[in-house]
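Visitor: Coordinates in start.pdb, PDB, C-alpha atoms, pLDDT in the B column, are listed below.
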ATOM      1  CA  MET A  23     108.037  -5.608  26.663  1.00 42.00           C
ATOM      2  CA  ALA A  24     105.423  -8.329  26.169  1.00 43.00           C
ATOM      3  CA  HIS A  25     106.427 -11.915  26.808  1.00 47.00           C
ATOM      4  CA  PRO A  26     106.501 -14.154  23.720  1.00 45.00           C
ATOM      5  CA  THR A  27     103.935 -16.890  23.526  1.00 43.00           C
ATOM      6  CA  ASP A  28     104.092 -20.388  22.098  1.00 38.00           C
ATOM      7  CA  LEU A  29     101.791 -21.795  19.408  1.00 33.00           C
ATOM      8  CA  THR A  30      99.030 -22.433  21.951  1.00 33.00           C
ATOM      9  CA  GLY A  31      98.949 -18.771  22.958  1.00 40.00           C
ATOM     10  CA  THR A  32     100.378 -19.353  26.434  1.00 43.00           C
ATOM     11  CA  HIS A  33     103.507 -17.924  27.995  1.00 51.00           C
ATOM     12  CA  PRO A  34     106.517 -20.289  27.826  1.00 46.00           C
ATOM     13  CA  ASP A  35     106.869 -20.181  31.637  1.00 69.00           C
ATOM     14  CA  SER A  36     103.198 -20.954  32.357  1.00 76.00           C
ATOM     15  CA  SER A  37     103.704 -24.729  32.306  1.00 84.00           C
ATOM     16  CA  ALA A  38     106.551 -24.405  34.828  1.00 87.00           C
ATOM     17  CA  ILE A  39     104.301 -22.330  37.075  1.00 90.00           C
ATOM     18  CA  HIS A  40     101.624 -25.034  36.974  1.00 92.00           C
ATOM     19  CA  VAL A  41     104.211 -27.733  37.749  1.00 92.00           C
ATOM     20  CA  ASN A  42     105.601 -25.742  40.659  1.00 94.00           C
ATOM     21  CA  ARG A  43     102.127 -25.019  42.029  1.00 95.00           C
ATOM     22  CA  VAL A  44     101.054 -28.675  41.832  1.00 95.00           C
ATOM     23  CA  GLY A  45     104.433 -29.691  43.230  1.00 95.00           C
ATOM     24  CA  PHE A  46     104.130 -27.298  46.168  1.00 96.00           C
ATOM     25  CA  TYR A  47     100.640 -28.376  47.231  1.00 97.00           C
ATOM     26  CA  SER A  48     101.217 -32.095  46.651  1.00 97.00           C
ATOM     27  CA  ALA A  49     104.534 -32.056  48.532  1.00 97.00           C
ATOM     28  CA  LEU A  50     103.084 -30.106  51.458  1.00 97.00           C
ATOM     29  CA  LEU A  51      99.942 -32.238  51.694  1.00 98.00           C
ATOM     30  CA  THR A  52     101.959 -35.457  51.361  1.00 97.00           C
ATOM     31  CA  ALA A  53     104.092 -34.415  54.343  1.00 97.00           C
ATOM     32  CA  LEU A  54     101.014 -33.440  56.386  1.00 97.00           C
ATOM     33  CA  LEU A  55      99.056 -36.622  55.590  1.00 97.00           C
ATOM     34  CA  THR A  56     102.118 -38.756  56.300  1.00 97.00           C
ATOM     35  CA  ALA A  57     102.408 -37.157  59.744  1.00 96.00           C
ATOM     36  CA  VAL A  58      98.694 -37.718  60.390  1.00 95.00           C
ATOM     37  CA  THR A  59      98.893 -41.346  59.241  1.00 94.00           C
ATOM     38  CA  PHE A  60     101.944 -41.877  61.448  1.00 91.00           C
ATOM     39  CA  GLY A  61      99.927 -40.601  64.404  1.00 90.00           C
ATOM     40  CA  PHE A  62      96.976 -42.913  63.756  1.00 89.00           C
ATOM     41  CA  ALA A  63      99.258 -45.903  63.158  1.00 86.00           C
ATOM     42  CA  ILE A  64     101.180 -45.361  66.402  1.00 82.00           C
ATOM     43  CA  VAL A  65      97.926 -45.256  68.385  1.00 77.00           C
ATOM     44  CA  ALA A  66      96.926 -48.637  66.888  1.00 74.00           C
ATOM     45  CA  VAL A  67      99.023 -50.733  69.284  1.00 66.00           C
ATOM     46  CA  PRO A  68      99.985 -54.117  67.715  1.00 66.00           C
ATOM     47  CA  THR A  69      97.625 -56.854  68.911  1.00 81.00           C
ATOM     48  CA  SER A  70      99.278 -59.646  66.923  1.00 86.00           C
ATOM     49  CA  GLY A  71     102.540 -60.469  65.194  1.00 84.00           C
ATOM     50  CA  ALA A  72     106.148 -60.174  66.323  1.00 85.00           C
ATOM     51  CA  ASN A  73     105.661 -56.753  67.952  1.00 81.00           C
ATOM     52  CA  CYS A  74     102.723 -57.735  70.147  1.00 83.00           C
ATOM     53  CA  LEU A  75     103.686 -57.939  73.832  1.00 78.00           C
ATOM     54  CA  ALA A  76     100.409 -58.790  75.623  1.00 77.00           C
ATOM     55  CA  GLY A  77      96.759 -59.558  74.881  1.00 79.00           C
ATOM     56  CA  CYS A  78      97.648 -60.831  71.406  1.00 87.00           C
ATOM     57  CA  PHE A  79      95.154 -62.319  68.975  1.00 88.00           C
ATOM     58  CA  ASP A  80      95.955 -65.815  67.819  1.00 88.00           C
ATOM     59  CA  TYR A  81      95.123 -67.881  64.746  1.00 89.00           C
ATOM     60  CA  PRO A  82      92.510 -67.905  63.180  1.00 88.00           C
ATOM     61  CA  TYR A  83      91.993 -64.231  64.220  1.00 88.00           C
ATOM     62  CA  LEU A  84      88.188 -64.458  64.128  1.00 88.00           C
ATOM     63  CA  ASP A  85      87.698 -62.574  67.408  1.00 88.00           C
ATOM     64  CA  THR A  86      89.147 -59.275  66.152  1.00 88.00           C
ATOM     65  CA  LEU A  87      85.894 -57.472  65.338  1.00 88.00           C
ATOM     66  CA  GLY A  88      86.143 -55.515  68.588  1.00 85.00           C
ATOM     67  CA  GLN A  89      89.231 -53.778  67.177  1.00 84.00           C
ATOM     68  CA  PHE A  90      87.122 -52.056  64.522  1.00 88.00           C
ATOM     69  CA  PRO A  91      87.358 -49.165  63.822  1.00 86.00           C
ATOM     70  CA  LYS A  92      90.364 -48.360  66.077  1.00 85.00           C
ATOM     71  CA  ASP A  93      92.850 -50.582  64.251  1.00 86.00           C
ATOM     72  CA  TYR A  94      91.533 -49.541  60.824  1.00 91.00           C
ATOM     73  CA  ARG A  95      91.365 -45.740  61.132  1.00 90.00           C
ATOM     74  CA  TRP A  96      94.930 -45.206  59.933  1.00 92.00           C
ATOM     75  CA  MET A  97      94.124 -46.803  56.568  1.00 94.00           C
ATOM     76  CA  VAL A  98      91.870 -43.901  55.530  1.00 95.00           C
ATOM     77  CA  PRO A  99      94.557 -41.179  55.731  1.00 95.00           C
ATOM     78  CA  ALA A 100      97.046 -43.732  54.372  1.00 96.00           C
ATOM     79  CA  MET A 101      95.003 -44.116  51.174  1.00 97.00           C
ATOM     80  CA  ILE A 102      94.798 -40.340  50.748  1.00 97.00           C
ATOM     81  CA  MET A 103      98.529 -40.105  51.432  1.00 97.00           C
ATOM     82  CA  ILE A 104      99.260 -42.668  48.702  1.00 98.00           C
ATOM     83  CA  LEU A 105      97.218 -40.656  46.183  1.00 98.00           C
ATOM     84  CA  LEU A 106      99.087 -37.478  47.142  1.00 98.00           C
ATOM     85  CA  TYR A 107     102.400 -39.342  46.861  1.00 98.00           C
ATOM     86  CA  LEU A 108     101.543 -40.226  43.254  1.00 98.00           C
ATOM     87  CA  VAL A 109     100.721 -36.588  42.424  1.00 98.00           C
ATOM     88  CA  PHE A 110     103.925 -35.510  44.185  1.00 98.00           C
ATOM     89  CA  MET A 111     106.002 -37.964  42.156  1.00 98.00           C
ATOM     90  CA  ALA A 112     104.337 -36.814  38.925  1.00 97.00           C
ATOM     91  CA  ALA A 113     105.276 -33.220  39.772  1.00 96.00           C
ATOM     92  CA  LEU A 114     108.866 -34.266  40.473  1.00 96.00           C
ATOM     93  CA  HIS A 115     108.985 -36.000  37.099  1.00 96.00           C
ATOM     94  CA  GLN A 116     107.715 -32.903  35.310  1.00 94.00           C
ATOM     95  CA  ALA A 117     110.188 -30.720  37.183  1.00 93.00           C
ATOM     96  CA  ALA A 118     113.163 -32.940  36.344  1.00 93.00           C
ATOM     97  CA  PRO A 119     115.558 -31.602  33.675  1.00 91.00           C
ATOM     98  CA  GLN A 120     115.240 -33.214  30.268  1.00 91.00           C
ATOM     99  CA  SER A 121     118.582 -34.993  30.654  1.00 91.00           C
ATOM    100  CA  HIS A 122     117.328 -36.711  33.845  1.00 92.00           C
ATOM    101  CA  LYS A 123     113.750 -37.494  32.826  1.00 94.00           C
ATOM    102  CA  ILE A 124     114.527 -41.098  31.900  1.00 96.00           C
ATOM    103  CA  TYR A 125     115.244 -41.764  35.594  1.00 97.00           C
ATOM    104  CA  SER A 126     112.220 -39.867  36.893  1.00 96.00           C
ATOM    105  CA  GLN A 127     110.035 -41.632  34.302  1.00 97.00           C
ATOM    106  CA  ILE A 128     111.192 -45.020  35.606  1.00 97.00           C
ATOM    107  CA  GLY A 129     110.613 -43.790  39.148  1.00 97.00           C
ATOM    108  CA  LEU A 130     107.081 -42.723  38.244  1.00 97.00           C
ATOM    109  CA  ILE A 131     106.358 -46.173  36.807  1.00 98.00           C
ATOM    110  CA  PHE A 132     107.464 -47.871  40.040  1.00 98.00           C
ATOM    111  CA  ALA A 133     105.504 -45.305  42.044  1.00 98.00           C
ATOM    112  CA  SER A 134     102.364 -46.148  40.050  1.00 98.00           C
ATOM    113  CA  PHE A 135     102.770 -49.859  40.759  1.00 98.00           C
ATOM    114  CA  ALA A 136     103.367 -49.111  44.443  1.00 98.00           C
ATOM    115  CA  GLY A 137     100.263 -46.941  44.611  1.00 98.00           C
ATOM    116  CA  LEU A 138      98.103 -49.580  42.937  1.00 98.00           C
ATOM    117  CA  VAL A 139      99.269 -52.361  45.274  1.00 98.00           C
ATOM    118  CA  LEU A 140      98.901 -50.308  48.459  1.00 98.00           C
ATOM    119  CA  LEU A 141      95.567 -48.697  47.584  1.00 98.00           C
ATOM    120  CA  ALA A 142      94.069 -52.073  46.699  1.00 97.00           C
ATOM    121  CA  ASP A 143      95.491 -53.625  49.874  1.00 97.00           C
ATOM    122  CA  TYR A 144      94.134 -50.923  52.211  1.00 97.00           C
ATOM    123  CA  PHE A 145      90.777 -50.523  50.478  1.00 97.00           C
ATOM    124  CA  LEU A 146      90.093 -54.257  50.450  1.00 95.00           C
ATOM    125  CA  GLN A 147      91.157 -54.681  54.088  1.00 95.00           C
ATOM    126  CA  PHE A 148      88.982 -51.798  55.269  1.00 94.00           C
ATOM    127  CA  SER A 149      85.989 -52.788  53.129  1.00 94.00           C
ATOM    128  CA  ILE A 150      85.971 -56.591  53.385  1.00 93.00           C
ATOM    129  CA  VAL A 151      87.343 -57.914  56.671  1.00 94.00           C
ATOM    130  CA  PRO A 152      85.240 -56.033  59.274  1.00 93.00           C
ATOM    131  CA  VAL A 153      81.903 -56.427  57.491  1.00 94.00           C
ATOM    132  CA  SER A 154      82.590 -60.091  56.806  1.00 93.00           C
ATOM    133  CA  LEU A 155      83.211 -60.671  60.516  1.00 92.00           C
ATOM    134  CA  MET A 156      80.024 -58.744  61.334  1.00 92.00           C
ATOM    135  CA  HIS A 157      78.030 -61.165  59.191  1.00 91.00           C
ATOM    136  CA  GLY A 158      79.884 -64.246  60.429  1.00 91.00           C
ATOM    137  CA  GLU A 159      81.346 -64.867  56.967  1.00 89.00           C
ATOM    138  CA  THR A 160      84.735 -66.067  58.133  1.00 88.00           C
ATOM    139  CA  GLU A 161      85.862 -68.388  55.327  1.00 90.00           C
ATOM    140  CA  GLY A 162      89.148 -67.104  53.924  1.00 88.00           C
ATOM    141  CA  ILE A 163      89.340 -64.189  56.397  1.00 91.00           C
ATOM    142  CA  THR A 164      92.309 -65.717  58.201  1.00 92.00           C
ATOM    143  CA  LEU A 165      94.529 -65.279  55.157  1.00 93.00           C
ATOM    144  CA  LEU A 166      93.275 -61.746  54.427  1.00 93.00           C
ATOM    145  CA  THR A 167      93.203 -60.098  57.855  1.00 93.00           C
ATOM    146  CA  GLN A 168      95.903 -57.655  58.925  1.00 92.00           C
ATOM    147  CA  TYR A 169      96.319 -59.582  62.185  1.00 92.00           C
ATOM    148  CA  ASN A 170      97.884 -62.517  60.314  1.00 92.00           C
ATOM    149  CA  ALA A 171     101.590 -61.626  60.422  1.00 91.00           C
ATOM    150  CA  HIS A 172     102.316 -63.707  57.315  1.00 90.00           C
ATOM    151  CA  GLY A 173      99.030 -63.157  55.517  1.00 93.00           C
ATOM    152  CA  VAL A 174      98.127 -61.417  52.279  1.00 95.00           C
ATOM    153  CA  PHE A 175      97.754 -57.953  53.811  1.00 95.00           C
ATOM    154  CA  ILE A 176     101.269 -57.841  55.285  1.00 95.00           C
ATOM    155  CA  VAL A 177     102.913 -59.312  52.180  1.00 96.00           C
ATOM    156  CA  LEU A 178     101.211 -56.793  49.865  1.00 97.00           C
ATOM    157  CA  GLU A 179     102.354 -53.979  52.135  1.00 97.00           C
ATOM    158  CA  GLU A 180     105.916 -55.284  51.893  1.00 97.00           C
ATOM    159  CA  LEU A 181     105.669 -55.397  48.099  1.00 97.00           C
ATOM    160  CA  GLY A 182     104.054 -51.968  47.843  1.00 98.00           C
ATOM    161  CA  TYR A 183     106.602 -50.212  50.018  1.00 98.00           C
ATOM    162  CA  LEU A 184     109.501 -52.009  48.346  1.00 98.00           C
ATOM    163  CA  LEU A 185     108.245 -50.590  45.043  1.00 98.00           C
ATOM    164  CA  MET A 186     107.924 -47.167  46.679  1.00 98.00           C
ATOM    165  CA  ALA A 187     111.520 -47.393  47.901  1.00 98.00           C
ATOM    166  CA  LEU A 188     112.589 -48.384  44.377  1.00 98.00           C
ATOM    167  CA  SER A 189     110.800 -45.316  43.008  1.00 98.00           C
ATOM    168  CA  PHE A 190     112.795 -43.229  45.496  1.00 98.00           C
ATOM    169  CA  LEU A 191     116.043 -44.586  44.059  1.00 97.00           C
ATOM    170  CA  PHE A 192     115.217 -43.448  40.529  1.00 97.00           C
ATOM    171  CA  PHE A 193     113.893 -40.087  41.678  1.00 96.00           C
ATOM    172  CA  ALA A 194     117.173 -39.600  43.530  1.00 96.00           C
ATOM    173  CA  LEU A 195     118.853 -40.013  40.138  1.00 95.00           C
ATOM    174  CA  GLY A 196     116.289 -37.801  38.406  1.00 93.00           C
ATOM    175  CA  ILE A 197     116.432 -34.792  40.721  1.00 89.00           C
ATOM    176  CA  ALA A 198     118.769 -32.034  39.557  1.00 84.00           C
ATOM    177  CA  PRO A 199     120.841 -30.850  42.556  1.00 83.00           C
ATOM    178  CA  HIS A 200     120.447 -27.119  41.917  1.00 83.00           C
ATOM    179  CA  SER A 201     120.166 -26.233  45.613  1.00 89.00           C
ATOM    180  CA  ARG A 202     121.153 -27.591  49.007  1.00 93.00           C
ATOM    181  CA  LEU A 203     117.561 -28.659  49.650  1.00 94.00           C
ATOM    182  CA  GLU A 204     117.448 -30.669  46.425  1.00 94.00           C
ATOM    183  CA  ARG A 205     120.798 -32.272  47.208  1.00 95.00           C
ATOM    184  CA  ALA A 206     119.499 -33.179  50.666  1.00 96.00           C
ATOM    185  CA  ALA A 207     116.338 -34.638  49.130  1.00 96.00           C
ATOM    186  CA  ARG A 208     118.415 -36.796  46.788  1.00 96.00           C
ATOM    187  CA  TRP A 209     120.278 -38.187  49.774  1.00 96.00           C
ATOM    188  CA  VAL A 210     117.046 -38.853  51.666  1.00 97.00           C
ATOM    189  CA  PHE A 211     115.580 -40.784  48.725  1.00 97.00           C
ATOM    190  CA  GLY A 212     118.796 -42.693  48.102  1.00 97.00           C
ATOM    191  CA  ILE A 213     119.405 -43.579  51.750  1.00 97.00           C
ATOM    192  CA  SER A 214     115.790 -44.686  52.242  1.00 98.00           C
ATOM    193  CA  PHE A 215     116.149 -47.146  49.362  1.00 98.00           C
ATOM    194  CA  GLY A 216     119.412 -48.447  50.808  1.00 98.00           C
ATOM    195  CA  LEU A 217     117.862 -48.890  54.253  1.00 98.00           C
ATOM    196  CA  ALA A 218     114.819 -50.668  52.811  1.00 98.00           C
ATOM    197  CA  LEU A 219     117.001 -53.085  50.864  1.00 97.00           C
ATOM    198  CA  ALA A 220     119.262 -53.677  53.868  1.00 98.00           C
ATOM    199  CA  ALA A 221     116.219 -54.349  56.075  1.00 97.00           C
ATOM    200  CA  LEU A 222     114.865 -56.896  53.579  1.00 97.00           C
ATOM    201  CA  VAL A 223     118.202 -58.730  53.465  1.00 97.00           C
ATOM    202  CA  TYR A 224     118.640 -58.582  57.238  1.00 97.00           C
ATOM    203  CA  PHE A 225     115.210 -59.933  58.191  1.00 96.00           C
ATOM    204  CA  SER A 226     115.284 -62.525  55.394  1.00 95.00           C
ATOM    205  CA  LEU A 227     118.638 -63.872  56.537  1.00 96.00           C
ATOM    206  CA  LEU A 228     117.572 -63.851  60.178  1.00 95.00           C
ATOM    207  CA  TYR A 229     114.058 -65.269  59.850  1.00 94.00           C
ATOM    208  CA  GLY A 230     113.757 -66.589  56.295  1.00 92.00           C
ATOM    209  CA  LEU A 231     110.153 -66.554  55.073  1.00 89.00           C
ATOM    210  CA  ASP A 232     108.885 -66.323  58.653  1.00 91.00           C
ATOM    211  CA  ARG A 233     109.626 -62.570  58.893  1.00 92.00           C
ATOM    212  CA  GLN A 234     106.105 -61.991  60.241  1.00 90.00           C
ATOM    213  CA  ASP A 235     105.516 -58.231  60.360  1.00 92.00           C
ATOM    214  CA  ARG A 236     109.065 -57.221  61.354  1.00 93.00           C
ATOM    215  CA  PHE A 237     110.127 -56.116  57.878  1.00 96.00           C
ATOM    216  CA  GLU A 238     106.709 -54.576  57.153  1.00 95.00           C
ATOM    217  CA  VAL A 239     106.913 -52.287  60.186  1.00 94.00           C
ATOM    218  CA  THR A 240     110.509 -51.349  59.331  1.00 96.00           C
ATOM    219  CA  ILE A 241     109.956 -50.486  55.673  1.00 97.00           C
ATOM    220  CA  ILE A 242     106.791 -48.518  56.454  1.00 96.00           C
ATOM    221  CA  SER A 243     108.770 -46.444  58.954  1.00 96.00           C
ATOM    222  CA  ILE A 244     111.564 -45.865  56.415  1.00 97.00           C
ATOM    223  CA  THR A 245     109.350 -44.854  53.493  1.00 98.00           C
ATOM    224  CA  TRP A 246     106.939 -42.740  55.528  1.00 97.00           C
ATOM    225  CA  LEU A 247     109.828 -40.871  57.132  1.00 97.00           C
ATOM    226  CA  ALA A 248     111.303 -40.232  53.664  1.00 98.00           C
ATOM    227  CA  LEU A 249     107.946 -38.888  52.432  1.00 97.00           C
ATOM    228  CA  LEU A 250     107.622 -36.683  55.506  1.00 97.00           C
ATOM    229  CA  ILE A 251     111.111 -35.218  55.117  1.00 97.00           C
ATOM    230  CA  ASN A 252     111.134 -34.815  51.339  1.00 97.00           C
ATOM    231  CA  GLY A 253     107.547 -33.606  51.224  1.00 97.00           C
ATOM    232  CA  THR A 254     108.640 -30.807  53.539  1.00 97.00           C
ATOM    233  CA  LEU A 255     111.849 -30.102  51.615  1.00 97.00           C
ATOM    234  CA  PHE A 256     110.168 -29.983  48.222  1.00 97.00           C
ATOM    235  CA  SER A 257     107.316 -27.822  49.464  1.00 97.00           C
ATOM    236  CA  ILE A 258     110.018 -25.244  50.207  1.00 96.00           C
ATOM    237  CA  VAL A 259     111.774 -25.840  46.861  1.00 95.00           C
ATOM    238  CA  PHE A 260     108.581 -25.467  44.829  1.00 94.00           C
ATOM    239  CA  SER A 261     107.498 -22.464  46.910  1.00 94.00           C
ATOM    240  CA  ARG A 262     110.767 -20.687  46.137  1.00 92.00           C
ATOM    241  CA  LYS A 263     110.401 -21.452  42.435  1.00 90.00           C
ATOM    242  CA  LEU A 264     106.880 -20.018  42.461  1.00 90.00           C
ATOM    243  CA  LYS A 265     108.096 -16.833  44.116  1.00 89.00           C
ATOM    244  CA  ALA A 266     110.956 -16.566  41.621  1.00 86.00           C
ATOM    245  CA  ALA A 267     108.503 -16.944  38.734  1.00 74.00           C
TER     246      ALA A 267
END
What does the file become when written as structure tokens?
Guide:
Amino acid sequence: MAHPTDLTGTHPDSSAIHVNRVGFYSALLTALLTAVTFGFAIVAVPTSGANCLAGCFDYPYLDTLGQFPKDYRWMVPAMIMILLYLVFMAALHQAAPQSHKIYSQIGLIFASFAGLVLLADYFLQFSIVPVSLMHGETEGITLLTQYNAHGVFIVLEELGYLLMALSFLFFALGIAPHSRLERAARWVFGISFGLALAALVYFSLLYGLDRQDRFEVTIISITWLALLINGTLFSIVFSRKLKAA
């Protein structure tokens, strides 16, 4: 028997198939790019800030040109990862049941803010700081460079990943726990938000405003690990839904 069609002439299940397909590829690619970015970031050994052990760059950080491109390579996959994260979150919102969409909609809003902050931060750092140092244009670079542990770059990362963690909280509320994988993903999102908030409180109480890059490194590790785990989990969830369709 032929399947009924809606007023647009498409099968009722076709939109779900598109959502599941976009969800599968975005989740899988988010997990892969997060792993790649992790690898590049680990190779970039800290040369300033609280985690630097030897050979550290000091204020005003104007002798850091030799670190290009090694210390900047991770930002390229990170920017692609952020874009995939936004597509992934949009797919999760579309896949959420109607009764939960208010939460996933809020999560998508926070995800959009997080993506905007982080993309701008990484793109500006990669595009401005090295070339400015190459041309000897050093005015204002001290505040912008990633080597300044309490500069603009680090603070924007903190803000961006805090917003990402907040988006995780609302997606944890928006995901319908139809399977064990989805229940596990809810816990991963919820726990990652709790850990991010606890880290902010801990480092703020311990160091006040002089957190340097301690909280930044911690929240990046938390959010990236959550993306890696849930990207993998949801690639399986969406794959199963595609096969079922």
Visitor: Take the PyMOL selection byres ((chain A and resi 195) around 9), run it mentally on this structure, and tell me the resulting residues as a list in words.
Guide: His122, Tyr125, Ser126, Phe190, Leu191, Phe192, Phe193, Ala194, Gly196, Ile197, Ala198, Arg208 and Gly212 of chain A
Visitor: Do you have the atom CA of Arg95 of chain A-atom CA of Leu178 of chain A distance handy?
Guide: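 That distance, rounded to one decimal, is 18.6 Å.
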Visitor: Quick one: pull the distance between atom CA of Ala267 of chain A and atom CA of Ala118 of chain A, Å, one decimal.
Guide: 16.8 Å
Visitor: Just the number, please: distance in Å from atom CA of Thr164 of chain A to atom CA of Ile176 of chain A, one decimal.
Guide: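 Between these atoms lies a distance of 12.3 Å.
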Visitor: Would you pick out the contacts of Tyr107 of chain A at 9 Å or less, using all atoms listed in the file, so that residues sharing its chain but fewer than 3 positions from it are not included, and give the list as a ChimeraX atom specification?
Guide: /A:48-49,51-52,102-104,110-112,133,137,249,253
Visitor: Rank A:Leu203, A:Ala57, A:Leu166, A:Val223 by their smallest atom-to-atom distance to Pro82 of chain A, using all atoms listed in the file, and report the top residue only.
Guide: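 Looking at the shortest contact to Pro82 of chain A, the residue is A:Leu166.
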Visitor: For segment 210-223 of chain A, supply N, CA and C atoms and report the output as a PDB file, in the frame of the given file.
Guide:
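This went into part_4.pdb:
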ATOM      1  N   VAL A 210     118.138 -38.215  50.913  1.00 97.00           N
ATOM      2  CA  VAL A 210     117.046 -38.853  51.666  1.00 97.00           C
ATOM      3  C   VAL A 210     116.436 -39.989  50.865  1.00 97.00           C
ATOM      4  N   PHE A 211     116.143 -39.744  49.582  1.00 97.00           N
ATOM      5  CA  PHE A 211     115.580 -40.784  48.725  1.00 97.00           C
ATOM      6  C   PHE A 211     116.551 -41.951  48.572  1.00 97.00           C
ATOM      7  N   GLY A 212     117.813 -41.634  48.312  1.00 97.00           N
ATOM      8  CA  GLY A 212     118.796 -42.693  48.102  1.00 97.00           C
ATOM      9  C   GLY A 212     119.039 -43.527  49.354  1.00 97.00           C
ATOM     10  N   ILE A 213     119.167 -42.862  50.489  1.00 97.00           N
ATOM     11  CA  ILE A 213     119.405 -43.579  51.750  1.00 97.00           C
ATOM     12  C   ILE A 213     118.200 -44.426  52.126  1.00 97.00           C
ATOM     13  N   SER A 214     116.995 -43.916  51.898  1.00 98.00           N
ATOM     14  CA  SER A 214     115.790 -44.686  52.242  1.00 98.00           C
ATOM     15  C   SER A 214     115.720 -45.977  51.434  1.00 98.00           C
ATOM     16  N   PHE A 215     116.110 -45.915  50.153  1.00 98.00           N
ATOM     17  CA  PHE A 215     116.149 -47.146  49.362  1.00 98.00           C
ATOM     18  C   PHE A 215     117.179 -48.110  49.921  1.00 98.00           C
ATOM     19  N   GLY A 216     118.366 -47.593  50.257  1.00 98.00           N
ATOM     20  CA  GLY A 216     119.412 -48.447  50.808  1.00 98.00           C
ATOM     21  C   GLY A 216     118.994 -49.102  52.118  1.00 98.00           C
ATOM     22  N   LEU A 217     118.327 -48.344  52.977  1.00 98.00           N
ATOM     23  CA  LEU A 217     117.862 -48.890  54.253  1.00 98.00           C
ATOM     24  C   LEU A 217     116.782 -49.950  54.050  1.00 98.00           C
ATOM     25  N   ALA A 218     115.879 -49.696  53.092  1.00 98.00           N
ATOM     26  CA  ALA A 218     114.819 -50.668  52.811  1.00 98.00           C
ATOM     27  C   ALA A 218     115.401 -51.980  52.305  1.00 98.00           C
ATOM     28  N   LEU A 219     116.363 -51.883  51.401  1.00 97.00           N
ATOM     29  CA  LEU A 219     117.001 -53.085  50.864  1.00 97.00           C
ATOM     30  C   LEU A 219     117.786 -53.821  51.955  1.00 97.00           C
ATOM     31  N   ALA A 220     118.498 -53.063  52.782  1.00 98.00           N
ATOM     32  CA  ALA A 220     119.262 -53.677  53.868  1.00 98.00           C
ATOM     33  C   ALA A 220     118.341 -54.373  54.864  1.00 98.00           C
ATOM     34  N   ALA A 221     117.188 -53.753  55.147  1.00 97.00           N
ATOM     35  CA  ALA A 221     116.219 -54.349  56.075  1.00 97.00           C
ATOM     36  C   ALA A 221     115.671 -55.661  55.515  1.00 97.00           C
ATOM     37  N   LEU A 222     115.369 -55.676  54.209  1.00 97.00           N
ATOM     38  CA  LEU A 222     114.865 -56.896  53.579  1.00 97.00           C
ATOM     39  C   LEU A 222     115.890 -58.018  53.695  1.00 97.00           C
ATOM     40  N   VAL A 223     117.142 -57.725  53.385  1.00 97.00           N
ATOM     41  CA  VAL A 223     118.202 -58.730  53.465  1.00 97.00           C
ATOM     42  C   VAL A 223     118.391 -59.198  54.905  1.00 97.00           C
TER      43      VAL A 223
END
